[in-house]
Structures are given as C-alpha cells and as structure tokens.
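**Q** Mind looking over this structure? Questions follow.
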Amino acid sequence: MQGRLLLEWRRRLEGSVADLHITIIPCLSDNYAYLLRSEGLAAVIDPPEAAPIVAALEGGRLTHILNTHHHWDHSGGNRELKEAYGAQVVGAEKDRSRIPGIDIGVSPEQGWQFGEFKVEVLEVPGHTRGAIAYVIDHAVFTGDTLFVMGCGKLFEGTPGDMVSSMAKFAALPDDTAVYCGHEYTLTNARFAQSLEPGNAALAARAAEVVALRAAFKPTVPSTIGLEKATNPFLRIHSAEIRAAIGMAHGEDAAVFAEIRRRKDIF
Ligand code: ZN
Ligand code: FE
C-alpha cells in the first residue's frame with residue numbers, strides 16, 4: 001500500500017495525470033499475460049492464447065499486443081486477438097521475422113509510447129537472441145529472461161549475453177515492479193536456497209511465496225530490489241553462492257553458467 005502511494009506521488013511529480021491499470025492474466029498451465037489499460041487504450045503483454053485475454057477485457061477493446069519474445073507460449077494468441085480487435089502487434093524490430101503478425105518493430109533507441117506513458121525497451125538476449133523487456137511506469141515486463149528468483153534457459157544466447165541482460169535489470173530502480181512470463185517461483189526459491197541457505201532475505205521471501213502459492217495467489221509482481229536480494233542469477237558475486245559451487249574467484253560468465261547448469265538439472 002505504501003509502495004502504491006509512493007508511485008502515485010512520484011507520478012504527480014513527473015507531471016503525468018494518467019493512470020495505468022495492470023491486470024495479471026493466468027494462461028495455459030503456468031504462463032502470465034498482462035493487460036495494461038490507460039485512458040481508452042488496452043495492451044496485452046505476451047498472450048499465449050486468446051480466450052483468457054478476451055475474458056479479462058470484459059467487453060472492452062484491445063488496442064495493442066506486446067511480445068517480449070517469439071516463443072509460441074507468449075505469442076500464440078497474437079493472430080486471433082489481432083483479427084478480433086484490429087489490435088497492433090508490437091515486438092522487437094530485430095526479431096521481426098519471428099513475431100507473429102508484427103506491425104510495429106521497437107528498439108531501445110526509439111522506445112515506444114503507450115498513451116501518456118513512455119515505454120523503455122531493453123534488449124535482453126540470452127533466452128532468445130531477440131528477447132526484449134518493456135519498462136512502463138515503474139514496472140518491467142521481463143518475459144522469460146528474468147523470473148522471480150530465477151532466469152530463463154539459454155536457448156539462443158551465451159552466459160555472457162545473459163550476464164549483460166541481468167545487469168540491465170539490476171540497473172533499474174529497486175522499487176520497479178517485476179512482472180515475468182511464468183509462475184516458476186516455488187522451484188526457483190528451492191533452488192536459490194540450495195545455493196544460499198544463509199541468505200536471510202531469501203529465507204523470508206521463500207516463506208512468503210510458499211504462503212502465496214498455498215493460497216493460489218500469483219507471486220508477481222516482485223521488485224528489482226527483492227530480486228537483487230534473492231535471485232541467484234542476479235547474485236553471481238555472492239560469496240556464499242560462489243563457495244557453494246566451488247568458484248570463489250571464477251569469471252562472472254563462468255559462475256553464471258555453472259549456476260544455470262545446476263538449475264537445469266535441479
Ligand atoms: Zn515462456
Ligand atoms: Fe520462452
């Protein structure tokens with residue numbers, strides 16, 4: 001509640017009067033799409049399927065579809081939603097050939113504009129080479145690159161790519177809300193604790209997410225501050241993690257690769 005008041009206050013300071021409403025839409029078995037609404041505009045981020053998005057719109061019209069990356073479980077709803085509402089599809093210009101129905105290609109240089117809200121585009125390769133994240137009004141939509149207490153598998157990128165991508169997230173303000181593409185948090189928390197049992201912030205957060213899931217509640221949004229304190233993939237300099245994997249003096253990319261390797265078989 002206090003965080004919300006803070007956001008309201010800051011928005012006033014920055015001279016914006018528009019409100020941004022974010023709705024979490026569970027899709028498939030563990031995906032999250034997000035509906036963003038502001039002053040007659042409605043954008044969905046990463047729709048794997050159309051039906052849950054149509055339901056969340058409650059008769060309203062969809063104006064935009066934003067994709068973080070091309071995978072079907074994030075873009076499978078593009079064409080049906082585009083056809084139903086005439087919505088415009090937004091995705092990485094660099095990955096134009098793989099984003100179904102793309103109309104508007106975006107890049108970090110140009111960014112994008114959603115009504116009154118300036119949208120920052122971060123290039124975050126690693127999970128896929130064209131992966132991007134959208135920063136809108138103190139929230140970041142990370143797709144499958146950054147998860148709550150985890151990160152995506154390296155399908156198309158190197159550990160070095162992902163280290164740079166993680167650094168872009170870590171550079172955002174601590175109170176930035178983190179909305180990711182999947183509910184993988186319970187397993188991620190167990191894995192994180194296996195590497196860093198002495199991390200008190202992690203223990204507290206792990207208990208919190210167990211309670212949330214027991215009540216069938218989503219563990220999003222997290223915050224950048226929380227992720228920096230608990231997410232092993234943002235904590236490759238942690239002495240405890242480095243000791244746990246026997247790489248006290250390893251290069252960043254090598255440490256990251258070893259943590260990712262262990263997560264893949266966890
Ligand atoms: Zn996915
Ligand atoms: Fe993916």
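A note on labels: chains of the structure tokens are A, B, ... as shown, every chain counts residues from 1, and ligands are counted from 1 in their shown order.
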For region 201-214 of chain A, find every residue with an atom within 12 Å (counting only C-alpha atoms), except residues of its own chain fewer than 4 positions away, and show them as a ChimeraX atom specification.
**A** /A:148-149,183-197,218-223,225-232,235
**Q** List all protein, DNA and RNA residues that have any atom at most 9 Å from ligand 1, counting only C-alpha atoms and all ligand atoms, and write the list as a list in words.
**A** Asp30, Asn31, Tyr32, Asp46, Pro48, His69, His71, Trp72, Asp73, His74, Gly143, Asp144, Gly152, Gly181 and His182 of chain A
**Q** May I have the selected residues written with all heavy atoms, as a compact mmCIF listing (two decimals), in the first residue's frame?
**A**
```
# COMPACT_ATOMS: atom_id res chain seq x y z
N ASP A 30 1.08 -22.41 -16.66
CA ASP A 30 1.85 -21.57 -15.73
C ASP A 30 2.33 -20.26 -16.35
O ASP A 30 3.26 -19.64 -15.84
CB ASP A 30 3.03 -22.36 -15.16
CG ASP A 30 3.92 -22.94 -16.25
OD1 ASP A 30 3.96 -22.37 -17.36
OD2 ASP A 30 4.57 -23.98 -16.01
N ASN A 31 1.70 -19.85 -17.47
CA ASN A 31 2.08 -18.56 -18.08
C ASN A 31 1.30 -17.41 -17.46
O ASN A 31 0.18 -17.59 -16.99
CB ASN A 31 1.75 -18.56 -19.58
CG ASN A 31 2.84 -19.19 -20.42
OD1 ASN A 31 2.97 -20.41 -20.43
ND2 ASN A 31 3.61 -18.38 -21.11
N TYR A 32 1.91 -16.22 -17.52
CA TYR A 32 1.19 -14.99 -17.20
C TYR A 32 1.21 -14.06 -18.41
O TYR A 32 2.27 -13.78 -18.96
CB TYR A 32 1.83 -14.24 -16.03
CG TYR A 32 1.63 -14.90 -14.69
CD1 TYR A 32 2.72 -15.11 -13.84
CD2 TYR A 32 0.37 -15.29 -14.26
CE1 TYR A 32 2.54 -15.71 -12.59
CE2 TYR A 32 0.19 -15.89 -13.01
CZ TYR A 32 1.28 -16.09 -12.18
OH TYR A 32 1.11 -16.67 -10.96
N ASP A 46 2.37 -10.56 -24.05
CA ASP A 46 2.62 -12.00 -24.17
C ASP A 46 1.40 -12.90 -24.06
O ASP A 46 1.34 -13.78 -23.18
CB ASP A 46 3.67 -12.42 -23.14
CG ASP A 46 5.09 -12.05 -23.55
OD1 ASP A 46 5.27 -11.55 -24.67
OD2 ASP A 46 6.01 -12.26 -22.74
N PRO A 48 -0.45 -16.11 -24.83
CA PRO A 48 -0.25 -17.42 -25.45
C PRO A 48 -1.52 -17.90 -26.15
O PRO A 48 -1.46 -18.68 -27.09
CB PRO A 48 0.05 -18.34 -24.27
CG PRO A 48 -0.07 -17.54 -23.03
CD PRO A 48 -0.55 -16.17 -23.37
N HIS A 69 9.17 -11.91 -26.57
CA HIS A 69 9.96 -12.76 -27.47
C HIS A 69 9.00 -13.63 -28.29
O HIS A 69 7.80 -13.61 -28.07
CB HIS A 69 11.00 -13.59 -26.71
CG HIS A 69 10.46 -14.60 -25.73
ND1 HIS A 69 9.69 -14.25 -24.64
CD2 HIS A 69 10.59 -15.95 -25.67
CE1 HIS A 69 9.39 -15.35 -23.95
NE2 HIS A 69 9.91 -16.39 -24.56
N HIS A 71 8.52 -16.93 -28.73
CA HIS A 71 8.02 -18.26 -28.37
C HIS A 71 6.49 -18.33 -28.37
O HIS A 71 5.83 -17.40 -27.94
CB HIS A 71 8.57 -18.70 -27.00
CG HIS A 71 10.01 -19.11 -27.06
ND1 HIS A 71 10.83 -19.13 -25.95
CD2 HIS A 71 10.78 -19.53 -28.11
CE1 HIS A 71 12.04 -19.55 -26.31
NE2 HIS A 71 12.04 -19.78 -27.60
N TRP A 72 5.97 -19.47 -28.81
CA TRP A 72 4.52 -19.62 -29.01
C TRP A 72 3.74 -19.41 -27.71
O TRP A 72 2.62 -18.92 -27.73
CB TRP A 72 4.19 -21.01 -29.59
CG TRP A 72 4.40 -22.11 -28.58
CD1 TRP A 72 5.55 -22.80 -28.36
CD2 TRP A 72 3.44 -22.60 -27.64
NE1 TRP A 72 5.38 -23.68 -27.33
CE2 TRP A 72 4.09 -23.59 -26.87
CE3 TRP A 72 2.10 -22.33 -27.37
CZ2 TRP A 72 3.45 -24.29 -25.84
CZ3 TRP A 72 1.46 -23.01 -26.34
CH2 TRP A 72 2.14 -23.99 -25.60
N ASP A 73 4.36 -19.77 -26.58
CA ASP A 73 3.61 -19.61 -25.33
C ASP A 73 3.59 -18.15 -24.86
O ASP A 73 3.12 -17.85 -23.75
CB ASP A 73 4.16 -20.54 -24.23
CG ASP A 73 5.60 -20.23 -23.84
OD1 ASP A 73 6.42 -19.95 -24.73
OD2 ASP A 73 5.89 -20.27 -22.63
N HIS A 74 4.07 -17.24 -25.72
CA HIS A 74 3.98 -15.79 -25.44
C HIS A 74 3.33 -15.03 -26.59
O HIS A 74 2.98 -13.87 -26.44
CB HIS A 74 5.38 -15.22 -25.16
CG HIS A 74 6.01 -15.86 -23.96
ND1 HIS A 74 6.09 -15.26 -22.74
CD2 HIS A 74 6.54 -17.12 -23.81
CE1 HIS A 74 6.64 -16.10 -21.87
NE2 HIS A 74 6.92 -17.24 -22.50
N GLY A 143 9.27 -11.11 -19.57
CA GLY A 143 9.12 -12.33 -20.38
C GLY A 143 9.79 -13.51 -19.72
O GLY A 143 9.59 -13.76 -18.52
N ASP A 144 10.60 -14.26 -20.49
CA ASP A 144 11.30 -15.43 -19.95
C ASP A 144 12.77 -15.14 -19.68
O ASP A 144 13.57 -16.07 -19.59
CB ASP A 144 11.21 -16.60 -20.94
CG ASP A 144 9.83 -17.22 -20.99
OD1 ASP A 144 8.96 -16.80 -20.20
OD2 ASP A 144 9.62 -18.13 -21.81
N GLY A 152 15.50 -17.36 -17.44
CA GLY A 152 15.13 -18.30 -18.49
C GLY A 152 16.30 -19.16 -18.92
O GLY A 152 17.46 -18.83 -18.67
N GLY A 181 7.08 -13.91 -17.18
CA GLY A 181 6.25 -14.71 -18.06
C GLY A 181 5.70 -16.01 -17.52
O GLY A 181 4.80 -16.60 -18.12
N HIS A 182 6.25 -16.49 -16.42
CA HIS A 182 5.80 -17.79 -15.89
C HIS A 182 5.77 -17.78 -14.37
O HIS A 182 6.56 -17.08 -13.73
CB HIS A 182 6.74 -18.93 -16.32
CG HIS A 182 6.68 -19.27 -17.77
ND1 HIS A 182 5.85 -20.24 -18.28
CD2 HIS A 182 7.36 -18.76 -18.82
CE1 HIS A 182 6.02 -20.32 -19.60
NE2 HIS A 182 6.93 -19.43 -19.96
```
**Q** Would you please give, as a PyMOL selection string, all residues of region 67-206 of chain A that DSSP assigns to strand (DSSP E) based on the backbone?
**A** chain A and resi 88-92+104-106+112-114+117-123+132-136+139-143+146-147+150-151+177-180
**Q** Can those selected residues be exported to a file as an mmCIF file, in the first residue's frame so that it contains C-alpha atoms?
**A**
```
data_model
loop_
_atom_site.group_PDB
_atom_site.id
_atom_site.type_symbol
_atom_site.label_atom_id
_atom_site.label_comp_id
_atom_site.auth_asym_id
_atom_site.auth_seq_id
_atom_site.Cartn_x
_atom_site.Cartn_y
_atom_site.Cartn_z
ATOM 1 C CA GLN A 88 -1.480 -3.695 -33.431
ATOM 2 C CA VAL A 89 1.305 -6.143 -32.641
ATOM 3 C CA VAL A 90 4.470 -4.689 -31.095
ATOM 4 C CA GLY A 91 7.751 -6.611 -30.873
ATOM 5 C CA ALA A 92 11.494 -6.394 -31.325
ATOM 6 C CA ILE A 104 5.420 -2.135 -35.007
ATOM 7 C CA GLY A 105 9.079 -3.067 -34.539
ATOM 8 C CA VAL A 106 10.671 -1.431 -31.499
ATOM 9 C CA TRP A 112 7.569 3.208 -27.663
ATOM 10 C CA GLN A 113 4.656 5.237 -26.332
ATOM 11 C CA PHE A 114 1.533 3.824 -24.680
ATOM 12 C CA PHE A 117 3.327 6.504 -20.829
ATOM 13 C CA LYS A 118 6.796 6.422 -22.274
ATOM 14 C CA VAL A 119 7.888 2.806 -22.753
ATOM 15 C CA GLU A 120 11.549 1.927 -22.462
ATOM 16 C CA VAL A 121 12.706 -1.093 -24.457
ATOM 17 C CA LEU A 122 15.606 -3.149 -23.077
ATOM 18 C CA GLU A 123 17.409 -5.653 -25.268
ATOM 19 C CA ILE A 132 13.288 -7.586 -25.070
ATOM 20 C CA ALA A 133 11.788 -6.223 -21.863
ATOM 21 C CA TYR A 134 9.368 -3.311 -21.565
ATOM 22 C CA VAL A 135 9.738 -0.725 -18.794
ATOM 23 C CA ILE A 136 6.490 1.189 -18.267
ATOM 24 C CA ALA A 139 7.101 -1.705 -13.881
ATOM 25 C CA VAL A 140 9.193 -4.039 -16.023
ATOM 26 C CA PHE A 141 7.808 -6.894 -18.118
ATOM 27 C CA THR A 142 10.598 -9.404 -18.399
ATOM 28 C CA GLY A 143 9.115 -12.328 -20.380
ATOM 29 C CA LEU A 146 14.146 -12.681 -15.626
ATOM 30 C CA PHE A 147 11.833 -14.792 -13.461
ATOM 31 C CA GLY A 150 15.231 -17.281 -11.493
ATOM 32 C CA CYS A 151 16.025 -16.709 -15.168
ATOM 33 C CA ALA A 177 7.734 -3.896 -10.111
ATOM 34 C CA VAL A 178 8.789 -7.103 -11.894
ATOM 35 C CA TYR A 179 6.203 -8.955 -14.000
ATOM 36 C CA CYS A 180 7.565 -12.134 -15.597
#
```
**Q** Given the choices A:Val54, A:Ile24, A:Ala131, A:Leu36, which gets closest to ligand 2 if the distance is worked out from only C-alpha atoms and all ligand atoms?
**A** A:Ala131
**Q** If DSSP is run on the backbone, what residues of region 39-230 of chain A are helix (DSSP H, G or I)? A reply as an MDAnalysis selection string would be ideal.
**A** chainID A and resid 51:57 72:75 78:85 93:98 159:170 185:195 200:214 224:230
**Q** Mind checking which residues fall within 10 Å of Ser38 (chain A), counting only C-alpha atoms, ignoring those fewer than 4 positions away in the same chain, and posting them as a list in words?
**A**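 Residues near the query, excluding close chain neighbours: Ala18, Asp19, Leu20, His21, Ile22, Ala42, Ala43, Phe114, Gly115, Glu116 and Phe117 of chain A.
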**Q** Next, dump the selected residues to file, keeping only N, CA, C and O atoms, as a compact mmCIF listing (two decimals), in the first residue's frame.
**A**
```txt
# COMPACT_ATOMS: atom_id res chain seq x y z
N ALA A 18 -2.27 10.48 -16.06
CA ALA A 18 -2.93 9.25 -16.47
C ALA A 18 -2.69 8.15 -15.44
O ALA A 18 -1.71 8.18 -14.70
N ASP A 19 -3.60 7.20 -15.41
CA ASP A 19 -3.46 6.05 -14.53
C ASP A 19 -3.18 4.83 -15.38
O ASP A 19 -3.70 4.71 -16.48
N LEU A 20 -2.35 3.94 -14.87
CA LEU A 20 -2.07 2.70 -15.59
C LEU A 20 -2.57 1.55 -14.74
O LEU A 20 -2.17 1.40 -13.58
N HIS A 21 -3.48 0.75 -15.31
CA HIS A 21 -4.01 -0.40 -14.58
C HIS A 21 -3.41 -1.68 -15.14
O HIS A 21 -3.46 -1.91 -16.35
N ILE A 22 -2.84 -2.49 -14.28
CA ILE A 22 -2.21 -3.74 -14.72
C ILE A 22 -3.01 -4.92 -14.16
O ILE A 22 -3.24 -5.00 -12.95
N ALA A 42 -5.78 -0.35 -24.44
CA ALA A 42 -5.60 -1.62 -23.73
C ALA A 42 -4.56 -2.45 -24.47
O ALA A 42 -4.71 -2.73 -25.66
N ALA A 43 -3.50 -2.79 -23.78
CA ALA A 43 -2.43 -3.59 -24.38
C ALA A 43 -2.28 -4.88 -23.59
O ALA A 43 -2.35 -4.88 -22.36
N PHE A 114 2.86 4.39 -24.94
CA PHE A 114 1.53 3.82 -24.68
C PHE A 114 0.69 4.92 -24.05
O PHE A 114 0.78 5.17 -22.84
N GLY A 115 -0.11 5.61 -24.86
CA GLY A 115 -0.87 6.75 -24.35
C GLY A 115 0.08 7.77 -23.74
O GLY A 115 1.01 8.22 -24.39
N GLU A 116 -0.13 8.08 -22.49
CA GLU A 116 0.73 9.06 -21.81
C GLU A 116 2.05 8.47 -21.34
O GLU A 116 2.91 9.18 -20.84
N PHE A 117 2.16 7.15 -21.44
CA PHE A 117 3.33 6.50 -20.83
C PHE A 117 4.43 6.22 -21.83
O PHE A 117 4.22 5.57 -22.85
```
**Q** So what do you get for CA of His237 (chain A) versus CA of His127 (chain A), distance-wise?
**A**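 So the answer is 21.4 Å.
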**Q** Figure out the distance between CA of Pro26 (chain A) and CA of Gly59 (chain A), please, to one decimal in Å.
**A**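 Going from CA of Gly59 (chain A) over to CA of Pro26 (chain A), I get 18.3 Å.
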**Q** Taking only C-alpha atoms into account, which of A:Pro47, A:Gly60, A:Gly250, A:Gly157 comes nearest Pro100 (chain A)?
**A**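 The answer is A:Pro47, which sits nearest to Pro100 (chain A).
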**Q** For the atom pair CA of Ile65 (chain A) and CA of Thr176 (chain A), what is the interatomic distance in Å to one decimal place?
**A**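 Those two atoms sit 21.9 Å apart.
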**Q** With a distance cut-off of 9 Å and only C-alpha atoms, select the neighbouring residues of Thr158 (chain A), excluding the residue or stretch itself and same-chain residues fewer than 5 positions from it, and output the selection as a list in words.
**A**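 In the requested format, the answer is Pro125, Gly126, His127, Val163, Ala253 and Ala257 of chain A.
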**Q** Compile the contact shell of region 80-84 of chain A as a PyMOL selection string: residues with an atom at most 6 Å away, counting only C-alpha atoms, same-chain residues fewer than 3 positions apart removed.
**A** chain A and resi 50+77+87
**Q** Would you mind telling me which residue in A:Asn67, A:Ser164, A:Ser107, A:Ser97 lies nearest to ligand 2 when using only C-alpha atoms and all ligand atoms?
**A**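 Of A:Asn67, A:Ser164, A:Ser107, A:Ser97, the one nearest ligand 2, counting only C-alpha atoms and all ligand atoms, is A:Asn67.
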**Q** Counting only C-alpha atoms and all ligand atoms, which of A:Gly40, A:Thr68, A:Thr23, A:Ala51 gets nearest to ligand 2?
**A**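 Smallest separation from ligand 2 among the options: A:Thr68.
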**Q** Quick one: of A:His64, A:Arg261, A:His249, A:Arg129, who's nearest to ligand 2, counting only C-alpha atoms and all ligand atoms?
**A** A:Arg129
